[in-house]
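Asks: Please find input_7.txt (compact mmCIF, C-alpha atoms) on the next line:
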# COMPACT_ATOMS: atom_id res chain seq x y z
CA VAL W 239 51.23 -137.57 -17.96
CA PRO W 240 49.18 -138.13 -21.16
CA ALA W 241 47.48 -135.05 -22.60
CA LYS W 242 43.93 -134.39 -21.35
CA THR W 243 44.25 -136.85 -18.48
CA ALA W 244 43.01 -135.76 -15.06
CA HIS W 245 45.59 -136.35 -12.38
CA TYR W 246 46.80 -135.31 -8.95
CA VAL W 247 49.93 -133.23 -8.50
CA GLY W 248 51.76 -133.11 -5.18
CA VAL W 249 54.84 -131.36 -3.86
CA SER W 250 57.05 -133.45 -1.60
CA SER W 251 60.00 -132.76 0.66
CA ILE W 252 62.30 -134.99 2.71
CA LYS W 253 63.25 -134.11 6.26
CA ASN W 254 65.12 -136.43 8.59
CA GLY W 255 64.62 -139.22 6.09
CA VAL W 256 60.82 -138.81 6.04
CA GLU W 257 59.06 -137.76 2.86
CA LYS W 258 56.15 -135.41 3.35
CA PHE W 259 53.56 -134.45 0.74
CA SER W 260 51.95 -131.05 0.64
CA ASP W 261 49.84 -128.92 -1.69
CA ILE W 262 48.19 -131.87 -3.46
CA LYS W 263 45.96 -130.59 -6.26
CA TYR W 264 43.61 -132.23 -8.72
CA ILE W 265 44.41 -131.17 -12.27
CA GLY W 266 41.28 -131.38 -14.42
CA ASP W 267 37.54 -131.13 -13.83
CA ILE W 268 36.68 -133.49 -10.98
CA ASN W 269 33.08 -133.55 -12.30
CA TRP W 270 34.02 -134.04 -15.95
CA ASN W 271 32.03 -137.26 -16.29
CA ASN W 272 28.88 -135.29 -15.37
CA VAL W 273 29.35 -132.68 -18.10
CA VAL W 274 26.80 -133.18 -20.88
CA PHE W 275 27.77 -130.11 -22.91
CA TYR W 276 30.79 -127.83 -23.10
CA CYS W 277 31.66 -125.49 -25.98
CA ARG W 278 34.35 -122.83 -26.24
CA PHE W 279 33.11 -121.39 -29.57
CA ASN W 280 36.63 -120.95 -30.90
CA SER W 281 35.32 -120.39 -34.43
CA GLU W 282 33.37 -123.65 -34.29
CA GLY W 283 30.55 -125.18 -32.28
CA GLN W 284 32.11 -128.49 -31.28
CA ASP W 285 30.81 -129.95 -28.04
CA LEU W 286 33.91 -130.99 -26.10
CA SER W 287 32.07 -133.12 -23.54
CA LEU W 288 32.38 -136.90 -23.56
CA ILE W 289 28.93 -137.04 -25.16
CA ASN W 290 30.07 -134.94 -28.14
CA ASN W 291 26.60 -133.65 -29.09
CA ALA W 292 26.60 -133.00 -32.84
CA PRO W 293 26.01 -129.34 -33.81
CA THR W 294 23.65 -128.17 -36.53
CA TYR W 295 24.70 -124.79 -37.83
CA GLY W 296 22.39 -122.06 -39.03
CA SER W 297 23.12 -120.82 -42.52
CA ALA W 298 24.77 -117.61 -41.27
CA VAL W 299 26.60 -118.66 -38.07
CA SER W 300 29.23 -116.05 -37.23
CA TYR W 301 32.14 -115.79 -34.80
CA SER W 302 34.06 -112.83 -33.43
CA THR W 303 37.80 -113.01 -32.93
CA SER W 304 37.95 -109.48 -31.51
CA VAL W 305 35.24 -109.84 -28.84
CA LYS W 306 35.69 -112.99 -26.79
CA LYS W 307 36.05 -113.92 -23.14
CA PHE W 308 38.63 -116.68 -23.56
CA GLY W 309 40.34 -118.54 -26.35
CA THR W 310 40.38 -117.30 -29.91
CA ALA W 311 36.74 -116.40 -30.62
CA SER W 312 33.14 -116.26 -29.43
CA LEU W 313 29.81 -116.92 -31.09
CA PHE W 314 28.25 -113.70 -32.44
CA CYS W 315 24.50 -113.39 -32.93
CA GLU W 316 22.47 -110.43 -34.18
CA ASN W 317 18.77 -111.23 -33.84
CA ASN W 318 18.94 -113.76 -36.66
CA ILE W 319 17.50 -117.27 -36.58
CA ASN W 320 20.30 -118.37 -38.92
CA HIS W 321 22.93 -117.34 -36.36
CA ARG W 322 21.88 -120.12 -33.98
CA ILE W 323 23.62 -123.43 -33.39
CA SER W 324 21.45 -126.34 -32.22
CA TYR W 325 22.26 -129.68 -30.62
CA PRO W 326 19.87 -132.66 -30.69
CA ALA W 327 17.67 -133.70 -27.79
CA GLY W 328 18.91 -136.52 -25.64
CA ASN W 329 20.87 -134.85 -22.85
CA PHE W 330 19.19 -131.54 -22.02
CA GLY W 331 16.15 -132.49 -19.94
CA PHE W 332 16.23 -132.87 -16.16
CA ALA W 333 14.47 -135.48 -14.05
CA ALA W 334 12.48 -134.51 -10.95
CA GLY W 335 14.91 -133.52 -8.22
CA GLU W 336 17.97 -133.95 -10.45
CA PRO W 337 20.75 -131.46 -9.62
CA PHE W 338 22.27 -129.46 -12.45
CA THR W 339 24.51 -126.53 -13.32
CA ILE W 340 24.02 -124.37 -16.40
CA GLU W 341 26.57 -121.63 -16.96
CA GLY W 342 28.17 -119.44 -19.57
CA TRP W 343 29.63 -116.05 -20.42
CA PHE W 344 27.31 -113.65 -22.25
CA ASN W 345 27.89 -110.21 -23.73
CA ASN W 346 24.71 -108.36 -24.70
CA SER W 347 25.04 -105.79 -27.47
CA TYR W 348 21.48 -104.39 -27.44
CA LYS W 349 19.14 -104.46 -24.44
CA PRO W 350 15.72 -105.88 -25.37
CA THR W 351 12.72 -103.59 -25.37
CA GLY W 352 10.14 -106.06 -26.64
CA PHE W 353 10.80 -109.75 -26.98
CA TRP W 354 13.26 -111.12 -24.44
CA GLN W 355 16.62 -112.37 -25.66
CA SER W 356 17.85 -115.89 -24.91
CA PRO W 357 21.54 -116.75 -25.39
CA ILE W 358 21.01 -120.46 -24.63
CA GLY W 359 18.15 -122.79 -23.88
CA THR W 360 15.61 -125.41 -24.88
CA TRP W 361 12.55 -123.46 -23.77
CA GLY W 362 9.37 -123.08 -25.80
CA ALA W 363 5.62 -123.28 -25.11
CA SER W 364 6.29 -123.20 -21.34
CA THR W 365 8.38 -126.37 -21.41
CA GLY W 366 12.13 -126.76 -21.19
CA TRP W 367 14.49 -124.13 -19.85
CA CYS W 368 16.50 -121.10 -20.97
CA ILE W 369 18.39 -118.07 -19.76
CA PHE W 370 16.72 -114.77 -20.65
CA PHE W 371 18.02 -111.22 -20.76
CA THR W 372 14.93 -109.05 -20.26
CA PRO W 373 14.37 -105.26 -20.33
CA SER W 374 14.69 -105.19 -16.53
CA GLY W 375 17.07 -107.99 -15.63
CA LEU W 376 17.98 -111.65 -16.03
CA SER W 377 15.66 -114.63 -15.83
CA PHE W 378 15.96 -118.39 -15.91
CA ASN W 379 12.76 -119.87 -17.29
CA TYR W 380 12.09 -123.44 -16.21
CA ASN W 381 8.84 -124.83 -17.60
CA SER W 382 6.27 -122.16 -16.62
CA GLY W 383 8.30 -121.00 -13.59
CA GLY W 384 11.91 -120.27 -12.81
CA VAL W 385 14.00 -117.67 -11.03
CA GLY W 386 14.98 -114.11 -11.93
CA TYR W 387 16.72 -110.98 -10.74
CA SER W 388 16.20 -107.31 -11.60
CA ILE W 389 19.44 -105.67 -12.65
CA ASP W 390 20.45 -102.88 -15.02
CA TYR W 391 23.06 -104.95 -16.82
CA PRO W 392 25.55 -103.14 -19.09
CA GLN W 393 25.94 -103.67 -22.82
CA LEU W 394 29.13 -104.94 -24.45
CA VAL W 395 30.40 -106.27 -21.11
CA TRP W 396 30.95 -109.95 -20.37
CA ILE W 397 28.65 -111.35 -17.67
CA HIS W 398 28.95 -114.80 -16.15
CA VAL W 399 25.54 -116.36 -15.48
CA ALA W 400 25.14 -119.64 -13.62
CA VAL W 401 21.98 -121.45 -12.56
CA THR W 402 22.17 -124.45 -10.27
CA ARG W 403 19.77 -126.84 -8.57
CA ASP W 404 20.89 -128.90 -5.59
CA ASP W 405 19.66 -132.32 -4.51
CA LEU W 406 17.06 -130.71 -2.23
CA GLY W 407 15.43 -128.89 -5.15
CA MET W 408 16.75 -125.38 -4.39
CA MET W 409 17.38 -123.48 -7.63
CA ARG W 410 19.84 -120.57 -7.51
CA MET W 411 20.86 -117.85 -9.94
CA PHE W 412 24.38 -116.40 -9.78
CA ILE W 413 25.55 -113.32 -11.67
CA ASN W 414 29.33 -112.89 -11.84
CA GLY W 415 29.62 -115.36 -8.99
CA GLU W 416 27.18 -113.60 -6.65
CA LEU W 417 24.02 -115.35 -5.51
CA LYS W 418 21.15 -113.11 -6.61
CA ALA W 419 17.97 -115.17 -6.39
CA SER W 420 16.69 -118.58 -5.38
CA VAL W 421 13.48 -120.60 -5.54
CA PHE W 422 12.44 -124.15 -4.68
CA ASP W 423 11.59 -126.20 -7.77
CA ASN W 424 12.31 -129.93 -7.94
CA SER W 425 10.09 -130.61 -10.96
CA ALA W 426 11.18 -132.39 -14.12
CA THR W 427 11.47 -130.77 -17.52
CA ILE W 428 11.27 -132.61 -20.81
CA ASP W 429 14.29 -133.25 -22.98
CA LYS W 430 14.47 -131.09 -26.10
CA ALA W 431 17.07 -129.73 -28.48
CA LEU W 432 19.52 -127.16 -27.12
CA TYR W 433 19.91 -123.84 -28.94
CA VAL W 434 22.77 -121.37 -28.61
CA GLY W 435 21.91 -117.91 -29.88
CA GLY W 436 18.24 -118.31 -28.97
CA ASN W 437 15.86 -121.03 -27.85
CA GLU W 438 13.05 -123.03 -29.42
CA VAL W 439 11.02 -119.84 -29.96
CA THR W 440 12.16 -117.95 -33.04
CA THR W 441 11.32 -114.53 -31.54
CA ASP W 442 13.66 -114.87 -28.53
CA LEU W 443 16.85 -114.39 -30.52
CA TRP W 444 20.08 -113.30 -28.91
CA ARG W 445 21.92 -110.07 -29.75
CA GLY W 446 25.54 -110.23 -28.69
CA TYR W 447 28.25 -112.75 -27.94
CA VAL W 448 28.38 -116.18 -26.25
CA ASP W 449 31.42 -117.94 -24.84
CA GLU W 450 32.28 -120.87 -22.52
CA VAL W 451 28.91 -122.61 -22.12
CA ARG W 452 28.90 -125.66 -19.87
CA ILE W 453 26.04 -127.88 -18.67
CA THR W 454 26.59 -130.35 -15.85
CA LYS W 455 24.05 -132.96 -14.71
CA GLY W 456 23.86 -134.49 -11.26
CA ILE W 457 25.97 -131.73 -9.64
CA ALA W 458 25.18 -128.27 -8.27
CA ARG W 459 28.65 -126.81 -8.73
CA TYR W 460 27.75 -123.59 -6.88
CA VAL W 461 25.57 -123.17 -3.80
CA GLU W 462 27.15 -119.98 -2.46
CA ASN W 463 29.14 -117.04 -3.83
CA PHE W 464 32.15 -118.00 -5.91
CA THR W 465 34.78 -116.49 -8.18
CA PRO W 466 34.11 -117.24 -11.88
CA GLN W 467 36.94 -118.87 -13.77
CA SER W 468 39.75 -116.72 -15.15
CA LYS W 469 40.53 -119.04 -18.06
CA GLN W 470 38.87 -121.71 -20.15
CA PHE W 471 37.49 -124.68 -18.24
CA PHE W 472 39.34 -127.97 -18.33
CA ASP W 473 38.01 -130.33 -20.97
CA PHE W 474 39.08 -133.48 -19.16
Since I need it in another form, could you write the structure as structure tokens?

Replies:
Amino acid sequence: VPAKTAHYVGVSSIKNGVEKFSDIKYIGDINWNNVVFYCRFNSEGQDLSLINNAPTYGSAVSYSTSVKKFGTASLFCENNINHRISYPAGNFGFAAGEPFTIEGWFNNSYKPTGFWQSPIGTWGASTGWCIFFTPSGLSFNYNSGGVGYSIDYPQLVWIHVAVTRDDLGMMRMFINGELKASVFDNSATIDKALYVGGNEVTTDLWRGYVDEVRITKGIARYVENFTPQSKQFFDF
């Protein structure tokens, strides 16, 4: 099988001259064509999706090889606008009623006491979207609304955050695979540049580490509790 080619794998056996297939599995991401952004941050910001959004690096982008969830490194940010990586607008807005999945692994090094901290997002001036770590929990801002959950999250611990919207307009927030909050919102949001290590607002800068960020359009990958992945996602 060629490298990075999705395929089915089956186990067969022959009994009484009859071949039987069992345990057929799909190897790859069955929704790969819907992925509009996927980055592993293995000491670079390359978008591995088929779109291949071009990164623009801040002047002081930094990676950690000692603190990472998977792979060889993670993006490290310390409340510095020059630690951000941005990707151009074109793929990060959502139409009215369009399903989506936004997810990533985040490791906060310093809980905010004033301005909220955003590890990823397009949000600014009440338009766009972003994930926020706040003094009292986690929030997903979507235009002037969104969904949030109060939690005393730990520092220097990896947390998987996923936000999905299904085709009925139900938006859900999952923390480490557990459904924590939901709200109905089928509105559109405008397409803007994506930032990792912050958002459009220069005061909402992230403090900590970012790994395995994936954005999928047209699919709500999670609508109930799930087990987050134990290794890097497929990139095919």

Asks: I want to know what sits within 8 Å of region 308-311 of chain W, based on all atoms listed in the file, with residues of the same chain fewer than 6 positions away left out; could you give that as a PyMOL selection string?

Replies: chain W and resi 278-281+301-302+449-450+469-470

Asks: Distance CA of Leu286 (chain W)-CA of Arg445 (chain W), one decimal place?

Replies: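 The value is 24.4 Å.
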
Asks: Within 10 Å of Ser388 (chain W), counting all atoms listed in the file, which residues show up once you throw out same-chain ones fewer than 3 positions away? Write them as a PyMOL selection string, please.

Replies: chain W and resi 372-377+391+418-419

Asks: Set up a box along x, y and z of the file covering all listed atoms of region 325-337 of chain W, add 8 Å on every one of the six sides, and write the centre and edge lengths in Å to one decimal, as AutoDock Vina command-line options.

Replies:
--center_x 17.4 --center_y -133.1 --center_z -19.5 --size_x 25.8 --size_y 22.8 --size_z 38.5

Asks: Could you give me, as JSON lines, a per-residue list for region 310-392 of chain W showing, wherever an atom lies at most 6 Å from an atom of region 421-435 of chain W, the closest pair of atoms and their distance in Å to one decimal, using all atoms listed in the file and sorting by chain then residue number from low to high?

Replies:
{"residue": "W:Arg322", "atom": "CA", "partner": "W:Gly435", "partner_atom": "CA", "distance": 4.7}
{"residue": "W:Ile323", "atom": "CA", "partner": "W:Val434", "partner_atom": "CA", "distance": 5.3}
{"residue": "W:Ser324", "atom": "CA", "partner": "W:Tyr433", "partner_atom": "CA", "distance": 4.4}
{"residue": "W:Tyr325", "atom": "CA", "partner": "W:Leu432", "partner_atom": "CA", "distance": 5.1}
{"residue": "W:Pro326", "atom": "CA", "partner": "W:Ala431", "partner_atom": "CA", "distance": 4.6}
{"residue": "W:Ala327", "atom": "CA", "partner": "W:Ala431", "partner_atom": "CA", "distance": 4.1}
{"residue": "W:Phe330", "atom": "CA", "partner": "W:Asp429", "partner_atom": "CA", "distance": 5.3}
{"residue": "W:Gly331", "atom": "CA", "partner": "W:Asp429", "partner_atom": "CA", "distance": 3.6}
{"residue": "W:Phe332", "atom": "CA", "partner": "W:Thr427", "partner_atom": "CA", "distance": 5.4}
{"residue": "W:Ala333", "atom": "CA", "partner": "W:Ala426", "partner_atom": "CA", "distance": 4.5}
{"residue": "W:Ala334", "atom": "CA", "partner": "W:Ala426", "partner_atom": "CA", "distance": 4.0}
{"residue": "W:Gly335", "atom": "CA", "partner": "W:Asn424", "partner_atom": "CA", "distance": 4.4}
{"residue": "W:Pro357", "atom": "CA", "partner": "W:Gly435", "partner_atom": "CA", "distance": 4.7}
{"residue": "W:Ile358", "atom": "CA", "partner": "W:Val434", "partner_atom": "CA", "distance": 4.4}
{"residue": "W:Gly359", "atom": "CA", "partner": "W:Tyr433", "partner_atom": "CA", "distance": 5.5}
{"residue": "W:Thr360", "atom": "CA", "partner": "W:Leu432", "partner_atom": "CA", "distance": 4.8}
{"residue": "W:Gly366", "atom": "CA", "partner": "W:Thr427", "partner_atom": "CA", "distance": 5.5}

Asks: Give me, as JSON lines, each residue of region 323-392 of chain W that comes within 8 Å of region 398-405 of chain W, together with its shortest interatomic pair and the distance in Å at one decimal, counting all atoms listed in the file, with rows ordered by chain and rising residue number.

Replies:
{"residue": "W:Gly335", "atom": "CA", "partner": "W:Asp405", "partner_atom": "CA", "distance": 6.1}
{"residue": "W:Glu336", "atom": "CA", "partner": "W:Asp405", "partner_atom": "CA", "distance": 6.4}
{"residue": "W:Pro337", "atom": "CA", "partner": "W:Asp404", "partner_atom": "CA", "distance": 4.8}
{"residue": "W:Phe338", "atom": "CA", "partner": "W:Arg403", "partner_atom": "CA", "distance": 5.3}
{"residue": "W:Thr339", "atom": "CA", "partner": "W:Thr402", "partner_atom": "CA", "distance": 4.4}
{"residue": "W:Ile340", "atom": "CA", "partner": "W:Val401", "partner_atom": "CA", "distance": 5.2}
{"residue": "W:Glu341", "atom": "CA", "partner": "W:Ala400", "partner_atom": "CA", "distance": 4.1}
{"residue": "W:Gly342", "atom": "CA", "partner": "W:Val399", "partner_atom": "CA", "distance": 5.8}
{"residue": "W:Trp343", "atom": "CA", "partner": "W:His398", "partner_atom": "CA", "distance": 4.5}
{"residue": "W:Phe344", "atom": "CA", "partner": "W:His398", "partner_atom": "CA", "distance": 6.4}
{"residue": "W:Phe378", "atom": "CA", "partner": "W:Val401", "partner_atom": "CA", "distance": 7.5}

Asks: Taking 3 positions as the minimum chain separation for residues in the same chain, which residues sit within 8 Å of Ile319 (chain W) when counting all atoms listed in the file? Answer as a PDB file with C-alpha atoms, in the frame of the given file.

Replies:
ATOM      1  CA  GLY W 296      22.390-122.060 -39.030  1.00  0.00           C
ATOM      2  CA  ARG W 322      21.880-120.120 -33.980  1.00  0.00           C
ATOM      3  CA  GLY W 436      18.240-118.310 -28.970  1.00  0.00           C
ATOM      4  CA  THR W 440      12.160-117.950 -33.040  1.00  0.00           C
ATOM      5  CA  LEU W 443      16.850-114.390 -30.520  1.00  0.00           C
TER       6      LEU W 443
END

Asks: Ranking W:Phe371, W:Met409, W:Gly328, W:Phe472 by minimum distance to Val274 (chain W) and counting only C-alpha atoms, which one comes first?

Replies: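 Ranking W:Phe371, W:Met409, W:Gly328, W:Phe472 by distance to Val274 (chain W), first place goes to W:Gly328.
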